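Data block for input-v1.cif (mmCIF, C-alpha atoms and all ligand atoms):
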data_data
loop_
_atom_site.label_atom_id
_atom_site.label_comp_id
_atom_site.auth_asym_id
_atom_site.auth_seq_id
_atom_site.Cartn_x
_atom_site.Cartn_y
_atom_site.Cartn_z
CA MET D 252 147.22 103.36 180.23
CA SER D 253 145.88 103.23 176.72
CA ILE D 254 146.21 100.13 174.60
CA VAL D 255 146.98 100.80 170.95
CA ALA D 256 146.89 97.56 169.00
CA VAL D 257 148.62 97.43 165.64
CA GLY D 258 147.68 94.56 163.37
CA SER D 259 147.79 93.61 159.76
CA ALA D 260 144.97 92.87 157.41
CA LYS D 261 147.01 90.61 155.15
CA ALA D 262 150.38 90.05 153.48
CA SER D 263 152.99 91.41 155.94
CA PRO D 264 152.40 95.08 155.14
CA GLY D 265 154.66 96.50 157.89
CA ALA D 266 152.69 96.18 161.15
CA THR D 267 155.78 95.32 163.18
CA CYS D 268 157.80 98.21 161.72
CA LEU D 269 154.92 100.58 162.46
CA SER D 270 154.61 99.26 166.04
CA VAL D 271 158.33 99.74 166.63
CA GLY D 272 158.26 103.19 165.05
CA LEU D 273 155.26 104.30 167.12
CA GLY D 274 156.86 102.91 170.27
CA LEU D 275 160.17 104.66 169.62
CA SER D 276 158.54 107.98 168.77
CA TRP D 277 155.74 107.84 171.38
CA GLU D 278 157.37 109.84 174.14
CA ALA D 279 158.70 112.54 171.79
CA THR D 280 155.32 112.86 170.04
CA ILE D 281 152.85 112.33 172.84
CA GLY D 282 154.83 113.08 175.98
CA ARG D 283 154.00 109.79 177.67
CA ARG D 284 156.07 106.68 178.18
CA ALA D 285 155.35 103.60 176.10
CA VAL D 286 155.90 99.89 176.36
CA LEU D 287 155.95 97.77 173.22
CA VAL D 288 154.27 94.38 173.46
CA GLU D 289 154.94 91.75 170.84
CA ALA D 290 151.71 89.78 170.82
CA ASP D 291 151.91 88.13 167.41
CA GLY D 292 150.56 84.58 167.55
CA ASP D 293 152.86 83.63 164.68
CA GLY D 294 155.86 84.20 166.96
CA GLY D 295 158.18 87.10 167.66
CA VAL D 296 160.85 88.64 165.45
CA LEU D 297 162.03 91.55 167.55
CA ALA D 298 164.65 89.69 169.59
CA ALA D 299 166.32 88.56 166.37
CA ARG D 300 165.91 91.90 164.60
CA PHE D 301 167.31 93.96 167.47
CA GLY D 302 169.96 91.54 168.69
CA LEU D 303 168.19 90.93 172.01
CA THR D 304 168.19 87.76 174.06
CA ALA D 305 165.52 85.03 174.01
CA THR D 306 164.65 85.74 177.63
CA PRO D 307 162.93 87.40 179.34
CA SER D 308 159.82 87.25 177.21
CA LEU D 309 156.07 86.65 177.44
CA VAL D 310 156.93 83.18 178.77
CA GLU D 311 158.71 84.48 181.87
CA LEU D 312 156.04 87.14 182.42
CA ALA D 313 153.29 84.51 182.22
CA GLY D 314 155.06 82.56 184.99
CA ALA D 315 155.72 85.61 187.16
CA ALA D 316 152.22 87.05 186.74
CA ARG D 317 150.32 83.85 187.51
CA HIS D 318 148.57 85.52 190.44
CA GLU D 319 148.81 89.19 189.57
CA LEU D 320 150.42 91.36 186.95
CA THR D 321 152.23 94.30 188.54
CA ILE D 322 154.14 97.11 186.84
CA GLU D 323 157.35 95.77 188.45
CA LYS D 324 156.78 92.31 186.95
CA LEU D 325 156.08 93.88 183.57
CA GLN D 326 159.25 95.99 183.74
CA THR D 327 161.42 93.08 184.90
CA ASN D 328 160.33 90.99 181.94
CA CYS D 329 160.87 93.67 179.30
CA GLN D 330 164.06 94.18 177.32
CA MET D 331 165.27 97.56 176.08
CA LEU D 332 164.77 97.83 172.35
CA ALA D 333 167.27 100.11 170.58
CA GLY D 334 168.44 101.02 174.09
CA GLN D 335 165.37 103.11 174.81
CA LEU D 336 162.02 101.37 174.46
CA PRO D 337 160.93 98.72 177.00
CA ALA D 338 159.62 95.78 175.00
CA LEU D 339 157.85 92.65 176.11
CA LEU D 340 159.00 90.15 173.52
CA ALA D 341 157.33 87.06 172.09
CA PRO D 342 159.30 83.85 171.67
CA GLY D 343 160.26 83.11 168.08
CA CYS D 344 158.11 79.98 168.04
CA GLY D 345 154.46 80.59 167.07
CA GLU D 346 153.12 77.58 169.00
CA THR D 347 154.83 78.70 172.22
CA THR D 348 153.68 82.28 171.76
CA THR D 349 150.10 81.15 171.17
CA ALA D 350 150.12 78.84 174.19
CA VAL D 351 151.47 81.55 176.48
CA LEU D 352 149.62 84.53 175.06
CA ALA D 353 146.09 83.13 174.95
CA PRO D 354 145.72 82.96 178.76
CA LEU D 355 147.96 86.01 179.38
CA ALA D 356 146.16 88.44 177.06
CA GLY D 357 143.22 89.00 179.44
CA GLN D 358 145.63 89.58 182.31
CA LEU D 359 147.54 92.13 180.25
CA VAL D 360 144.30 93.99 179.50
CA GLU D 361 143.38 94.02 183.18
CA GLY D 362 146.90 95.00 184.29
CA PHE D 363 147.30 97.75 181.69
CA GLY D 364 144.03 99.22 182.94
CA ARG D 365 145.74 99.83 186.29
CA PHE D 366 149.02 101.32 185.01
CA ASP D 367 148.28 105.02 184.64
CA ASP D 368 151.32 106.76 183.28
CA ILE D 369 152.43 104.44 180.49
CA ASP D 370 150.77 103.40 177.22
CA ALA D 371 151.04 100.04 175.47
CA VAL D 372 151.69 99.70 171.75
CA VAL D 373 150.78 96.10 171.02
CA ASP D 374 151.80 94.35 167.80
CA VAL D 375 148.99 91.80 167.48
CA GLY D 376 150.18 90.45 164.12
CA ARG D 377 147.53 89.22 161.70
CA VAL D 378 144.08 90.24 163.01
CA ARG D 379 141.90 87.17 163.31
CA THR D 380 139.06 86.18 165.62
CA ASP D 381 141.01 83.06 166.64
CA SER D 382 144.15 85.09 167.44
CA PRO D 383 145.64 84.44 170.89
CA ALA D 384 145.71 88.24 171.19
CA ILE D 385 141.95 88.56 170.67
CA GLU D 386 141.36 89.90 174.21
CA LEU D 387 143.87 92.67 173.55
CA ILE D 388 142.16 93.40 170.22
CA ASP D 389 138.67 93.39 171.73
CA HIS D 390 139.68 95.67 174.63
CA CYS D 391 142.09 98.03 172.92
CA ASP D 392 141.48 101.78 172.83
CA LEU D 393 142.35 101.82 169.16
CA LEU D 394 143.19 99.13 166.64
CA VAL D 395 145.43 100.40 163.87
CA LEU D 396 144.82 98.11 160.94
CA VAL D 397 147.77 98.16 158.57
CA VAL D 398 147.30 97.37 154.91
CA GLN D 399 149.07 97.74 151.61
CA PRO D 400 146.90 99.84 149.30
CA ARG D 401 146.58 97.18 146.64
CA PHE D 402 143.45 96.13 144.88
CA ASP D 403 143.95 92.45 145.79
CA GLN D 404 143.97 93.38 149.49
CA LEU D 405 140.59 95.04 149.27
CA VAL D 406 138.19 92.09 149.51
CA PRO D 407 139.86 90.51 152.58
CA LEU D 408 140.06 93.96 154.15
CA VAL D 409 136.35 94.62 153.66
CA HIS D 410 135.50 91.32 155.39
CA GLN D 411 137.90 91.98 158.23
CA ALA D 412 136.56 95.49 158.75
CA ARG D 413 133.02 94.13 158.95
CA THR D 414 134.05 91.60 161.61
CA LEU D 415 135.84 94.24 163.67
CA THR D 416 132.93 96.66 163.43
CA ALA D 417 130.54 93.91 164.54
CA ARG D 418 132.80 93.28 167.56
CA ASN D 419 132.79 97.03 168.33
CA VAL D 420 136.56 97.28 168.05
CA PRO D 421 137.51 100.95 167.49
CA THR D 422 139.49 100.58 164.30
CA ALA D 423 141.31 102.96 161.98
CA LEU D 424 143.17 102.19 158.79
CA VAL D 425 146.80 102.92 157.97
CA CYS D 426 148.10 102.34 154.45
CA VAL D 427 151.78 101.63 153.88
CA GLY D 428 152.49 103.99 151.03
CA ASP D 429 149.84 105.51 148.82
CA GLN D 430 150.23 103.43 145.66
CA PRO D 431 148.95 101.92 143.53
CA TYR D 432 145.43 102.19 144.96
CA PRO D 433 144.46 105.45 146.68
CA PRO D 434 144.30 105.04 150.50
CA THR D 435 141.10 107.10 150.63
CA GLU D 436 139.46 104.57 148.29
CA MET D 437 140.65 101.68 150.47
CA ALA D 438 139.14 103.36 153.54
CA LYS D 439 135.89 104.16 151.75
CA ALA D 440 135.49 100.60 150.51
CA CYS D 441 135.94 99.07 153.95
CA GLN D 442 134.11 101.92 155.74
CA LEU D 443 136.93 102.56 158.18
CA ASP D 444 138.45 105.92 159.04
CA LEU D 445 141.77 106.49 157.38
CA LEU D 446 144.23 107.38 160.12
CA GLY D 447 146.92 108.15 157.59
CA VAL D 448 149.72 106.84 155.43
CA PHE D 449 152.89 105.25 156.76
CA ALA D 450 155.42 106.42 154.19
CA HIS D 451 156.83 103.63 152.05
CA GLU D 452 160.58 104.04 152.47
CA PRO D 453 162.45 100.72 152.38
CA ARG D 454 165.79 102.23 153.43
CA VAL D 455 164.37 103.76 156.60
CA ALA D 456 162.12 100.77 157.29
CA GLN D 457 165.32 98.75 157.29
CA ALA D 458 166.58 100.90 160.14
CA LEU D 459 163.35 100.29 162.05
CA GLN D 460 164.25 96.64 161.94
CA ALA D 461 167.54 97.15 163.70
CA GLY D 462 167.11 100.19 165.87
CA LEU D 463 167.70 103.77 164.90
CA PRO D 464 171.39 104.29 165.55
CA ASP D 465 171.38 107.93 164.56
CA HIS D 466 168.07 109.28 165.68
CA ARG D 467 168.47 112.84 164.56
CA ARG D 468 169.45 111.90 161.03
CA HIS D 469 166.32 109.77 160.60
CA ARG D 470 164.01 112.54 161.70
CA ARG D 471 164.52 114.24 158.35
CA PHE D 472 163.02 111.32 156.49
CA LEU D 473 159.43 111.16 155.36
CA LEU D 474 158.87 107.86 157.17
CA TRP D 475 159.86 109.36 160.51
CA ARG D 476 157.65 112.40 159.90
CA SER D 477 154.75 110.16 158.92
CA LEU D 478 155.24 108.29 162.21
CA ALA D 479 155.02 111.51 164.21
CA GLU D 480 151.86 112.48 162.33
CA LEU D 481 150.25 109.09 162.90
CA GLY D 482 151.25 109.25 166.58
CA GLN D 483 149.55 112.61 166.96
CA ARG D 484 146.38 111.43 165.26
CA ILE D 485 146.30 108.38 167.52
CA HIS D 486 146.76 110.68 170.51
CA TYR D 487 143.76 112.83 169.50
CA ARG D 488 141.62 109.74 169.17
CA LEU D 489 142.67 108.44 172.56
CA GLN D 490 141.93 111.82 174.13
CA ALA D 491 138.51 112.00 172.48
CA ARG D 492 137.74 108.49 173.74
CA THR D 493 138.79 109.37 177.30
CA GLU D 494 136.72 112.56 177.23
CA ALA D 495 133.68 110.69 175.91
CA ALA D 496 134.03 108.07 178.65
CA SER D 497 134.59 110.47 181.56
CA PRO D 498 131.54 111.62 183.56
CA ARG D 499 130.55 115.27 183.13
N1 LIG I 1 157.09 101.85 155.72
C1 LIG I 1 157.76 100.90 155.06
N2 LIG I 1 158.38 101.19 153.90
C2 LIG I 1 159.05 100.24 153.22
N3 LIG I 1 159.20 98.98 153.61
C3 LIG I 1 158.59 98.61 154.76
C4 LIG I 1 157.85 99.55 155.56
N4 LIG I 1 157.38 98.91 156.64
C5 LIG I 1 157.81 97.65 156.54
N5 LIG I 1 158.53 97.45 155.43
C6 LIG I 1 159.18 96.22 155.01
O1 LIG I 1 158.19 95.20 154.87
C7 LIG I 1 158.67 93.97 155.40
C8 LIG I 1 157.70 93.45 156.44
O2 LIG I 1 157.71 94.36 157.54
P1 LIG I 1 157.12 93.93 158.95
O3 LIG I 1 157.83 92.79 159.52
O4 LIG I 1 157.00 95.17 159.74
O5 LIG I 1 155.64 93.47 158.47
P2 LIG I 1 154.50 92.73 159.27
O6 LIG I 1 153.21 93.26 158.75
O7 LIG I 1 154.76 92.85 160.72
O8 LIG I 1 154.74 91.22 158.78
P3 LIG I 1 154.31 89.83 159.49
O9 LIG I 1 152.91 89.55 159.02
O10 LIG I 1 155.31 88.86 158.96
O11 LIG I 1 154.41 90.03 160.97
C9 LIG I 1 160.07 94.25 155.95
O12 LIG I 1 161.02 93.81 155.02
C10 LIG I 1 160.13 95.75 156.08
O13 LIG I 1 161.42 96.29 155.90
MG MG I 2 154.93 91.45 162.22
#
Any chance you could put this one into structure tokens?
Amino acid sequence: MSIVAVGSAKASPGATCLSVGLGLSWEATIGRRAVLVEADGDGGVLAARFGLTATPSLVELAGAARHELTIEKLQTNCQMLAGQLPALLAPGCGETTTAVLAPLAGQLVEGFGRFDDIDAVVDVGRVRTDSPAIELIDHCDLLVLVVQPRFDQLVPLVHQARTLTARNVPTALVCVGDQPYPPTEMAKACQLDLLGVFAHEPRVAQALQAGLPDHRRHRRFLLWRSLAELGQRIHYRLQARTEAASPR
């Protein structure tokens, strides 16, 4: 299993929407199953956005996986998002999420390493060194850092990129939209690879917050196409990483 962490640099740029979109399009784009993990220390929003129930969540999984995390325990504690994507949800309360996630994150990393045929898209929320998801960030196969291409986001982004590079976290940048500041300039300034642009389309993003009722209709939209493109680029990176790690 690969772990793809999706986190924000600052200012709620759309990390959760991108995580949901990648999760929903993963199988169609990459041909592998995905599980979405809501690991945002500020608390979860997906249950509310998608009309799901408060349980099961990370809390129940933490209890069930005290001794060992198995794929069955993971599956039992997921809910189906938009009727198709298994999602491990965070409780709405940030304090509870932080308390549960901090000790569970290492177990998730270890468990995911054993589950071969499914990938994890993990919404880690705001990327910080004191995040309860830090083990998932440190051990991910790729961190997708989401940012709005605005000049005022640049200085915090540069600092964050430096920290991540120092921690050896494989990180690539995604800009939500391409205005007003050019995404290539953002990437150059923070010395991260630009993975691509997540199209800025409020109407379609709205649908990503409540499921995609009519899948086929949405595929025509730029946002959906940008998701497929980003998914493919992530896939190439994961493949390159696996090839580099495998013995010749
Ligand atoms: N690609 C997009 N185009 C237009 N609007 C978007 C896009 N992605 C997200 N949004 C909008 O931005 C807002 C924040 O989205 P989202 O919750 O995904 O951000 P976030 O980075 O996860 O925020 P937080 O830091 O609160 O977790 C939402 O209102 C959403 O509809
Ligand atoms: Mg979010």
Using all atoms listed in the file, which residues sit within 8 Å of range 356-361 of chain D once same-chain residues fewer than 2 positions away are excluded, as a ChimeraX atom specification?
/D:319-320,352-354,363-365,383-387,390
Pick out the residues sitting within 6 Å of range 306-311 of chain D, and hand them over as number ranges by chain; count all atoms listed in the file, and ignore anything fewer than 4 positions along from it in its own chain.
D: 328, 339-341
Taking only C-alpha atoms and all ligand atoms into account, list the residues no farther than 7 Å from ligand LIG 1 (chain I), as an mmCIF file with C-alpha atoms, keeping the file's coordinate frame.
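Everything below was put into result21.cif:
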data_model
loop_
_atom_site.group_PDB
_atom_site.id
_atom_site.type_symbol
_atom_site.label_atom_id
_atom_site.label_comp_id
_atom_site.auth_asym_id
_atom_site.auth_seq_id
_atom_site.Cartn_x
_atom_site.Cartn_y
_atom_site.Cartn_z
ATOM 1 C CA SER D 259 147.790 93.610 159.760
ATOM 2 C CA ALA D 262 150.380 90.050 153.480
ATOM 3 C CA SER D 263 152.990 91.410 155.940
ATOM 4 C CA PRO D 264 152.400 95.080 155.140
ATOM 5 C CA GLY D 265 154.660 96.500 157.890
ATOM 6 C CA ALA D 266 152.690 96.180 161.150
ATOM 7 C CA THR D 267 155.780 95.320 163.180
ATOM 8 C CA CYS D 268 157.800 98.210 161.720
ATOM 9 C CA LEU D 269 154.920 100.580 162.460
ATOM 10 C CA GLY D 376 150.180 90.450 164.120
ATOM 11 C CA ARG D 377 147.530 89.220 161.700
ATOM 12 C CA VAL D 427 151.780 101.630 153.880
ATOM 13 C CA GLY D 428 152.490 103.990 151.030
ATOM 14 C CA PHE D 449 152.890 105.250 156.760
ATOM 15 C CA ALA D 450 155.420 106.420 154.190
ATOM 16 C CA HIS D 451 156.830 103.630 152.050
ATOM 17 C CA GLU D 452 160.580 104.040 152.470
ATOM 18 C CA PRO D 453 162.450 100.720 152.380
ATOM 19 C CA ALA D 456 162.120 100.770 157.290
ATOM 20 C CA GLN D 457 165.320 98.750 157.290
ATOM 21 C CA GLN D 460 164.250 96.640 161.940
ATOM 22 C CA LEU D 474 158.870 107.860 157.170
#
I'd like the neighbourhood of range 486-488 of chain D as a list in words, where a residue qualifies if any of its atoms comes within 10 Å (using all atoms listed in the file), though same-chain residues fewer than 6 positions away should be ignored.
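Everything that qualifies: Ser253, Val255, Trp277, Thr280, Ile281, Asp392, Leu393, Pro421, Ala423, Leu446, Glu480 and Glu494 of chain D.
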Compare D:Leu355, D:Val296, D:Ala279, D:Leu396 by their minimum atom-to-atom distance to ligand MG 2 (chain I), counting all atoms listed in the file, and give me the closest one.
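Answer, going by the shortest atom-to-atom distance: D:Val296.
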To one decimal in Å, tell me the separation between CA of Leu273 in chain D and CA of Ala285 in chain D.
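The value is 9.0 Å.
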Tell me which protein, DNA and RNA residues are within 12 Å of Thr414 in chain D, counting only C-alpha atoms, leaving out same-chain ones fewer than 2 positions away, and put them as a list in words.
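My list of contacting residues is Ala260, Val378, Arg379, Thr380, Ile388, Asp389, Pro407, Leu408, Val409, His410, Gln411, Ala412, Thr416, Ala417, Arg418, Asn419, Val420, Pro421, Thr422, Cys441, Gln442 and Leu443 of chain D.
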Proximity to ligand MG 2 (chain I) - best of D:Leu275, D:Ala458, D:Ala290, D:Val372, only C-alpha atoms and all ligand atoms:
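Closest to ligand MG 2 (chain I) of all the choices is D:Ala290.
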Find the residue from D:Asp374, D:Asp368, D:Glu346, D:Glu323 that sits nearest to ligand MG 2 (chain I); use only C-alpha atoms and all ligand atoms when measuring.
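Among the listed residues, D:Asp374 lies closest to ligand MG 2 (chain I).
Between CA of Gln399 in chain D and CA of Phe472 in chain D there is a distance of 20.1 Å.
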To one decimal in Å, tell me the separation between CA of Leu489 in chain D and CA of Asp370 in chain D.
10.6 Å
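Counting all atoms listed in the file, the residue from D:Ala299, D:Cys391, D:Ala305, D:Ala440 that sits nearest to Met252 in chain D is D:Cys391.
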Nearest to ligand MG 2 (chain I) among D:Leu312, D:Ile485, D:Val397, D:Leu445, with distances taken over all atoms listed in the file: which residue is it?
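Answer, going by the shortest atom-to-atom distance: D:Val397.
Restricting the calculation to all atoms listed in the file, the smallest distance between ligand MG 2 (chain I) and any of D:Val375, D:Gly314, D:Arg454, D:Gly302 is found for D:Val375.
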